[in-house]
Structures are given as C-alpha cells and as structure tokens.
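Asker: Pasting a structure here, questions to come.
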Amino acid sequence: MYGICNLSIVPCRKEPSDKSEMVTQLLFGDHFEVLEVQGSWCRIKIAYDDYECWIDKKQFQPIQQHTFDILNTTGIFSANELVQVMTHNNTKQLFPITIASSLPNFDNGECAIENQSYLYDGAFISGVLPFTKAGLIEISMMYLNAPYLWGGKTPFGIDCSGFTQMVYKLNGVRLKRDAYQQAEQGETLSFVEEAEAGDLAFFDNDEGRIVHVGIVLDNNKIIHASGKVRIDGFDHHGIFNNDKKDYSHRLRLLKRIV
C-alpha cells in the first residue's frame, strides 16, 4: 500500500497515538510506503528520506504502486514561497501549502495525483537546477525567526535538522531527517578554517550524542534552529549565543555535503 500527503501539513508520530511525540511532518506532495496498519494508524516509510513514523490513516490519499514508482523517478518540484494557496480543481476549495512542499507531476502550474488535480501559481524550484552555495544561503534566510518545534519542517515551526533538510531540499540535495543521520553524509572537514558557507556543523551533548546541526555562514557565523531560526557566532568551540553572551552548543564535527 502506498500513499501521498494531500493536506498542508500532517504530523508524524513516534507511536500510533495522538498523544505520542511528533518526530517529523509530511508536507503536501510527500509520498510514502505503508508498512503496517494498526487500527486507525499507519506506519509509513517516507520515500524522500526513508524515515519511518506513524500517521493517522484519515490524513492521506492512497495511490497505486505505479504512481509511487513514477514519483520516485521524476525530479522534485518544490514550492518556493513561505506560504501559498493551492486550489483543488475538482472542488475549487483552497488550502495553504508552505515552502518546500512537493509539487507532484508539476506542469504548467498544475499538480496531478492520479485522478486529482491542483492549481499552483506561486514560485517554485526545480530539483534539477544546479546547486550553488549562494542559493543555499539565500534560501536559509527565508526561514529566519521561524519558531522552534520538535519534529517541525515549516516556517510555522521547525527543528534544527528539519531546517537543514528543507533548505538543502530546495537546493536539490537530499539530507536524511535527523541530525545524527545527516552527520553520516558528506565529507568530513578537519578544521573550522576549512568550512565554507553552506557546510553543516554538528554539535553533541555530554554523552557524545549528536543533537544539533546548523548551516555555516561567512564571517564566523552560523544559522540554526534554537528557540527560533537565528544567526549566532561560530568558532572551533561551538555556537556563541549572541543574546546570552555564552556558548550554547559544543562543536563535534563539520561536513561538506556538496
């Protein structure tokens, strides 16, 4: 069984319960495989990053395997406005979608999901565009001041690894979902002085577990989600919080993804 998110934002849970913590979100156009059904809940594997989680089975549209396979092999078009309105062609109903939402089978302002179609006339990005560090930094700034939300992936609430994943997605590069998973990707850098704007910096806790990630900027700065998406100082010790005038995160490693 396969499905696709046909709503603005769908919470994905750690366990099959509304009381369980939200570990990530589906945005419009995200497709997935259903691994298990338990009552009113489905355990899914998200196609984009292979992340497994639980969603309410009332909150997605089932699709055929053929549709799933096509979506897996075609380039991703993504919405590139903080918020834009989608129009359902059949019902003419409107609903919002956020930046980095996928636009399945996008062509000439129209998305198609099997027998359903939607109009989208906002800005978009093609996943086949050439990657540039400048483009990555430009996109990251669009999320400034987005509030921190565990498991979030939108300007209305986002966590540290959701932020890096969405920024890289909008630049045509796939990252895994969680910070410790992203830390396994790319090329390790030996020194802070080697890092360029757009590289990722990872930070650990007292147990040595990677718990935070941010995007390196020029001039000894970093943009990351901590309380909100913000810009702070950055050096070989870690992140220097400009408000508290103290270090908030301890540097563990640096990675160049592209």
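By convention here, the chains of the structure tokens are called A, B, ... in the order presented, each chain's residues are numbered starting at 1, and ligands are numbered starting at 1 in the order presented.
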Using only C-alpha atoms, which protein or nucleic acid residues come within 7 Å of A:Gly238? Drop anything in the same chain fewer than 4 positions from it, and give the result as a compact mmCIF listing (two decimals) with C-alpha atoms, in the first residue's frame.

Answerer:
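As a result, result_21.txt now contains:
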# COMPACT_ATOMS: atom_id res chain seq x y z
CA PHE A 234 30.57 30.24 15.49
CA TYR A 247 28.36 29.16 24.25
CA HIS A 249 26.33 24.23 21.66
CA ARG A 250 29.62 22.30 21.59
CA LEU A 251 31.10 21.58 18.15

Asker: Among stretch 3-112 of chain A, which ones does DSSP place in strand (DSSP E), written as an NGL selection string?

Answerer: :A and (3-4 or 9-13 or 22-27 or 31-38 or 41-46 or 52-56 or 61-63 or 77-79 or 83-88 or 94-98 or 110-112)

Asker: Could you please take those selected residues and save N, CA and C atoms as a short mmCIF file (atom, residue, chain, number, x, y, z; two decimals), in the first residue's frame?

Answerer:
data_model
loop_
_atom_site.label_atom_id
_atom_site.label_comp_id
_atom_site.auth_asym_id
_atom_site.auth_seq_id
_atom_site.Cartn_x
_atom_site.Cartn_y
_atom_site.Cartn_z
N GLY A 3 0.91 5.82 -0.36
CA GLY A 3 0.09 7.00 -0.14
C GLY A 3 0.85 8.27 -0.43
N ILE A 4 0.12 9.39 -0.41
CA ILE A 4 0.70 10.71 -0.62
C ILE A 4 -0.04 11.69 0.27
N ILE A 9 -0.11 20.10 6.05
CA ILE A 9 0.90 19.58 6.97
C ILE A 9 0.27 18.46 7.78
N VAL A 10 0.94 17.32 7.87
CA VAL A 10 0.43 16.19 8.64
C VAL A 10 1.47 15.79 9.68
N PRO A 11 1.07 15.70 10.96
CA PRO A 11 2.02 15.27 12.00
C PRO A 11 2.33 13.78 11.88
N CYS A 12 3.60 13.45 12.08
CA CYS A 12 4.05 12.07 12.07
C CYS A 12 4.54 11.72 13.46
N ARG A 13 4.00 10.62 14.01
CA ARG A 13 4.23 10.29 15.41
C ARG A 13 5.24 9.15 15.58
N MET A 22 5.57 14.08 18.19
CA MET A 22 5.72 14.28 16.76
C MET A 22 7.21 14.23 16.42
N VAL A 23 7.59 13.33 15.52
CA VAL A 23 9.00 13.18 15.16
C VAL A 23 9.35 13.83 13.83
N THR A 24 8.35 14.02 12.98
CA THR A 24 8.55 14.76 11.74
C THR A 24 7.17 15.14 11.21
N GLN A 25 7.15 15.71 10.02
CA GLN A 25 5.89 16.08 9.38
C GLN A 25 5.91 15.68 7.92
N LEU A 26 4.72 15.42 7.38
CA LEU A 26 4.54 15.33 5.94
C LEU A 26 4.06 16.68 5.45
N LEU A 27 4.66 17.17 4.37
CA LEU A 27 4.15 18.35 3.69
C LEU A 27 3.41 17.89 2.43
N HIS A 31 5.32 11.56 -0.61
CA HIS A 31 4.75 10.24 -0.81
C HIS A 31 5.51 9.20 0.00
N PHE A 32 4.89 8.05 0.19
CA PHE A 32 5.43 7.08 1.14
C PHE A 32 4.85 5.69 0.90
N GLU A 33 5.51 4.72 1.51
CA GLU A 33 5.01 3.34 1.53
C GLU A 33 4.40 3.06 2.89
N VAL A 34 3.26 2.38 2.90
CA VAL A 34 2.62 1.97 4.16
C VAL A 34 3.16 0.60 4.53
N LEU A 35 3.81 0.52 5.69
CA LEU A 35 4.44 -0.72 6.13
C LEU A 35 3.53 -1.56 7.01
N GLU A 36 2.62 -0.88 7.71
CA GLU A 36 1.80 -1.59 8.71
C GLU A 36 0.57 -0.76 9.01
N VAL A 37 -0.55 -1.42 9.25
CA VAL A 37 -1.77 -0.74 9.67
C VAL A 37 -2.17 -1.28 11.05
N GLN A 38 -2.42 -0.36 11.97
CA GLN A 38 -2.79 -0.73 13.33
C GLN A 38 -3.96 0.15 13.75
N TRP A 41 -4.22 3.82 12.54
CA TRP A 41 -2.88 4.35 12.31
C TRP A 41 -2.13 3.52 11.28
N CYS A 42 -1.26 4.20 10.52
CA CYS A 42 -0.40 3.54 9.54
C CYS A 42 1.05 3.86 9.85
N ARG A 43 1.87 2.82 9.87
CA ARG A 43 3.32 3.04 9.96
C ARG A 43 3.84 3.16 8.54
N ILE A 44 4.54 4.24 8.27
CA ILE A 44 4.95 4.54 6.90
C ILE A 44 6.47 4.70 6.82
N LYS A 45 6.97 4.56 5.59
CA LYS A 45 8.36 4.92 5.28
C LYS A 45 8.30 6.01 4.22
N ILE A 46 8.77 7.21 4.58
CA ILE A 46 8.72 8.34 3.67
C ILE A 46 9.75 8.14 2.55
N GLU A 52 10.83 6.41 9.08
CA GLU A 52 9.66 5.64 9.48
C GLU A 52 8.95 6.31 10.65
N CYS A 53 7.62 6.33 10.58
CA CYS A 53 6.82 7.01 11.59
C CYS A 53 5.36 6.57 11.43
N TRP A 54 4.51 7.08 12.30
CA TRP A 54 3.08 6.73 12.27
C TRP A 54 2.25 7.95 11.90
N ILE A 55 1.24 7.75 11.03
CA ILE A 55 0.29 8.82 10.71
C ILE A 55 -1.14 8.29 10.80
N ASP A 56 -2.06 9.20 10.99
CA ASP A 56 -3.49 8.86 11.01
C ASP A 56 -3.91 8.51 9.58
N GLN A 61 -3.92 10.41 0.96
CA GLN A 61 -4.61 9.82 -0.19
C GLN A 61 -3.85 8.57 -0.63
N PRO A 62 -4.51 7.41 -0.67
CA PRO A 62 -3.84 6.21 -1.19
C PRO A 62 -3.52 6.39 -2.68
N ILE A 63 -2.40 5.82 -3.11
CA ILE A 63 -2.03 5.86 -4.52
C ILE A 63 -1.58 4.47 -4.96
N PHE A 77 9.75 19.06 -7.93
CA PHE A 77 9.47 20.48 -7.95
C PHE A 77 8.96 20.86 -6.56
N SER A 78 9.44 21.98 -6.04
CA SER A 78 9.08 22.38 -4.68
C SER A 78 8.56 23.81 -4.66
N ALA A 79 7.55 24.06 -3.83
CA ALA A 79 7.05 25.42 -3.63
C ALA A 79 8.16 26.27 -3.02
N VAL A 83 4.36 30.85 2.20
CA VAL A 83 3.02 30.28 2.18
C VAL A 83 2.37 30.67 0.86
N GLN A 84 1.68 29.73 0.25
CA GLN A 84 0.94 29.99 -0.98
C GLN A 84 -0.33 29.15 -0.95
N VAL A 85 -1.29 29.52 -1.76
CA VAL A 85 -2.59 28.83 -1.78
C VAL A 85 -2.63 27.84 -2.94
N MET A 86 -3.09 26.65 -2.65
CA MET A 86 -3.34 25.62 -3.66
C MET A 86 -4.85 25.55 -3.89
N THR A 87 -5.24 25.34 -5.14
CA THR A 87 -6.66 25.20 -5.47
C THR A 87 -6.93 23.78 -5.97
N HIS A 88 -7.87 23.10 -5.33
CA HIS A 88 -8.28 21.77 -5.78
C HIS A 88 -9.21 21.94 -6.97
N LEU A 94 -9.83 25.93 -1.55
CA LEU A 94 -8.49 26.47 -1.38
C LEU A 94 -7.89 25.95 -0.08
N PHE A 95 -6.58 25.74 -0.07
CA PHE A 95 -5.88 25.44 1.17
C PHE A 95 -4.43 25.87 1.03
N PRO A 96 -3.79 26.23 2.15
CA PRO A 96 -2.41 26.74 2.08
C PRO A 96 -1.40 25.61 2.01
N ILE A 97 -0.28 25.88 1.37
CA ILE A 97 0.88 25.00 1.46
C ILE A 97 2.09 25.86 1.80
N THR A 98 3.09 25.25 2.41
CA THR A 98 4.24 26.01 2.86
C THR A 98 5.45 25.75 1.95
N GLU A 110 0.14 23.23 -12.72
CA GLU A 110 -0.83 22.24 -12.25
C GLU A 110 -0.12 21.01 -11.70
N CYS A 111 -0.59 20.53 -10.54
CA CYS A 111 -0.12 19.28 -9.96
C CYS A 111 -1.17 18.20 -10.22
N ALA A 112 -0.73 16.96 -10.36
CA ALA A 112 -1.67 15.86 -10.59
C ALA A 112 -1.31 14.69 -9.68
#

Asker: How many Å lie between atom CA of A:Ile125 and atom CA of A:Ala201, rounded to one decimal?

Answerer: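 Atom CA of A:Ala201 lies 25.4 Å from atom CA of A:Ile125.
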
Asker: Nearest to A:Ser40: which of A:Phe28, A:Gln59, A:Tyr118, A:Ala134 is it, counting only C-alpha atoms?

Answerer: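 With only C-alpha atoms as the atom set, the closest residue is A:Gln59.
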
Asker: Excluding A:Leu217 and any residue of its chain fewer than 3 positions from it, enumerate the residues within 6 Å of it, using only C-alpha atoms, and give them as a ChimeraX atom specification.

Answerer: /A:197,221-222

Asker: Now that the selection is made, can you save its residues with N, CA and C atoms as an mmCIF file, in the first residue's frame?

Answerer:
data_model
loop_
_atom_site.group_PDB
_atom_site.id
_atom_site.type_symbol
_atom_site.label_atom_id
_atom_site.label_comp_id
_atom_site.auth_asym_id
_atom_site.auth_seq_id
_atom_site.Cartn_x
_atom_site.Cartn_y
_atom_site.Cartn_z
ATOM 1 N N ALA A 197 30.684 28.723 3.631
ATOM 2 C CA ALA A 197 29.259 28.990 3.780
ATOM 3 C C ALA A 197 28.471 27.884 3.083
ATOM 4 N N LYS A 221 29.917 32.998 11.416
ATOM 5 C CA LYS A 221 28.514 32.961 11.817
ATOM 6 C C LYS A 221 27.907 31.608 11.444
ATOM 7 N N ILE A 222 26.775 31.301 12.054
ATOM 8 C CA ILE A 222 26.039 30.083 11.741
ATOM 9 C C ILE A 222 24.548 30.383 11.851
#

Asker: Would you please extract all helix (DSSP H, G or I) residues from stretch 127-209 of chain A, as assigned by DSSP on the backbone, and give them as a list in words?

Answerer: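 So the helix (DSSP H, G or I) residues in stretch 127-209 of chain A would be Lys133, Ala134, Gly135, Leu136, Ile137, Glu138, Ile139, Ser140, Met141, Cys160, Ser161, Gly162, Phe163, Thr164, Gln165, Met166, Val167, Tyr168, Lys169, Ala179, Tyr180, Gln181, Gln182, Val192, Glu193 and Glu194 of chain A.
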
Asker: Which is closest to A:Cys5 among A:Gly233, A:Pro130, A:Gly162, A:Pro104, if we use only C-alpha atoms?

Answerer: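 Of A:Gly233, A:Pro130, A:Gly162, A:Pro104, the one nearest A:Cys5 is A:Pro104, counting only C-alpha atoms.
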
Asker: Just checking: using only C-alpha atoms, which residue out of A:Ala123, A:Val211, A:Leu200, A:Leu71 ends up closest to A:Leu175?

Answerer: A:Leu200

Asker: May I ask for the distance between atom CA of A:Val216 and atom CA of A:Asn241, given in Å to one decimal place?

Answerer: 14.5 Å

Asker: Give me, as a PDB file with C-alpha atoms, in the first residue's frame, all polymer residues having an atom no more than 12 Å from A:Tyr143, counting only C-alpha atoms and skipping those fewer than 2 positions away in the same chain.

Answerer:
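As a result, around.pdb now contains:
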ATOM      1  CA  ASN A  80       9.366  28.386  -3.025  1.00  0.00           C
ATOM      2  CA  GLU A  81       7.150  30.836  -1.142  1.00  0.00           C
ATOM      3  CA  LEU A  82       6.758  30.880   2.622  1.00  0.00           C
ATOM      4  CA  VAL A  83       3.017  30.283   2.180  1.00  0.00           C
ATOM      5  CA  THR A  98       4.243  26.012   2.857  1.00  0.00           C
ATOM      6  CA  ILE A  99       7.692  26.432   1.379  1.00  0.00           C
ATOM      7  CA  ALA A 100       9.451  23.150   0.415  1.00  0.00           C
ATOM      8  CA  LEU A 136      21.586  27.616  -0.237  1.00  0.00           C
ATOM      9  CA  ILE A 137      22.317  30.640   1.966  1.00  0.00           C
ATOM     10  CA  GLU A 138      19.608  32.696   0.266  1.00  0.00           C
ATOM     11  CA  ILE A 139      17.005  30.003   0.978  1.00  0.00           C
ATOM     12  CA  SER A 140      18.164  29.583   4.586  1.00  0.00           C
ATOM     13  CA  MET A 141      17.457  33.263   5.266  1.00  0.00           C
ATOM     14  CA  ASN A 145      12.684  33.715  13.049  1.00  0.00           C
ATOM     15  CA  ALA A 146      10.669  30.555  12.371  1.00  0.00           C
ATOM     16  CA  PRO A 147       9.843  29.229  15.871  1.00  0.00           C
ATOM     17  CA  TYR A 148      11.481  26.022  17.064  1.00  0.00           C
ATOM     18  CA  LYS A 153       9.540  21.295   8.907  1.00  0.00           C
ATOM     19  CA  THR A 154       7.756  24.589   8.159  1.00  0.00           C
ATOM     20  CA  PRO A 155       8.184  28.339   8.795  1.00  0.00           C
ATOM     21  CA  PHE A 156       5.448  27.994  11.442  1.00  0.00           C
ATOM     22  CA  GLY A 157       7.577  25.570  13.457  1.00  0.00           C
ATOM     23  CA  ILE A 158      10.811  23.780  12.621  1.00  0.00           C
ATOM     24  CA  ASP A 159      13.595  21.862  14.358  1.00  0.00           C
ATOM     25  CA  CYS A 160      17.314  22.038  13.652  1.00  0.00           C
ATOM     26  CA  GLY A 162      14.191  19.839   9.671  1.00  0.00           C
ATOM     27  CA  PHE A 163      15.603  23.268   8.856  1.00  0.00           C
ATOM     28  CA  THR A 164      18.773  21.918   7.246  1.00  0.00           C
ATOM     29  CA  MET A 166      14.327  21.666   3.899  1.00  0.00           C
ATOM     30  CA  VAL A 167      16.999  24.211   2.920  1.00  0.00           C
ATOM     31  CA  ILE A 223      22.288  29.890  11.065  1.00  0.00           C
ATOM     32  CA  HIS A 224      20.402  27.268  13.054  1.00  0.00           C
ATOM     33  CA  ALA A 225      17.099  26.494  14.785  1.00  0.00           C
ATOM     34  CA  LYS A 228      13.875  30.089  16.602  1.00  0.00           C
ATOM     35  CA  VAL A 229      15.879  30.098  13.391  1.00  0.00           C
ATOM     36  CA  ARG A 230      18.645  32.541  14.248  1.00  0.00           C
ATOM     37  CA  ILE A 231      22.172  33.643  13.391  1.00  0.00           C
TER      38      ILE A 231
END

Asker: Got a sec: who's within 12 Å of A:Gly208, counting only C-alpha atoms, leaving out chain neighbours fewer than 5 positions off, as a PDB file with C-alpha atoms, in the first residue's frame?

Answerer:
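Printed below is part26.pdb as written:
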ATOM      1  CA  TYR A 180      22.828  12.226  13.722  1.00  0.00           C
ATOM      2  CA  PHE A 202      27.155  19.255  14.126  1.00  0.00           C
ATOM      3  CA  PHE A 203      27.089  19.504  17.898  1.00  0.00           C
ATOM      4  CA  ARG A 250      29.622  22.304  21.592  1.00  0.00           C
ATOM      5  CA  LEU A 251      31.095  21.583  18.154  1.00  0.00           C
ATOM      6  CA  ARG A 252      31.537  17.908  17.267  1.00  0.00           C
ATOM      7  CA  LEU A 253      32.253  17.835  13.535  1.00  0.00           C
TER       8      LEU A 253
END

Asker: Give me, as a list in words, all polymer residues having an atom no more than 9 Å from A:Glu21, counting only C-alpha atoms and skipping those fewer than 4 positions away in the same chain.

Answerer: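 Near A:Glu21, the qualifying residues are Cys12, Arg13, Lys14, Glu15, Ser17, Trp150 and Gly151 of chain A.
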
Asker: Given only C-alpha atoms as the basis, pick out the residue of A:Arg256, A:Lys133, A:Asp49, A:Ile70 nearest to A:Ser190.

Answerer: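 Nearest candidate to A:Ser190 out of A:Arg256, A:Lys133, A:Asp49, A:Ile70: A:Arg256.
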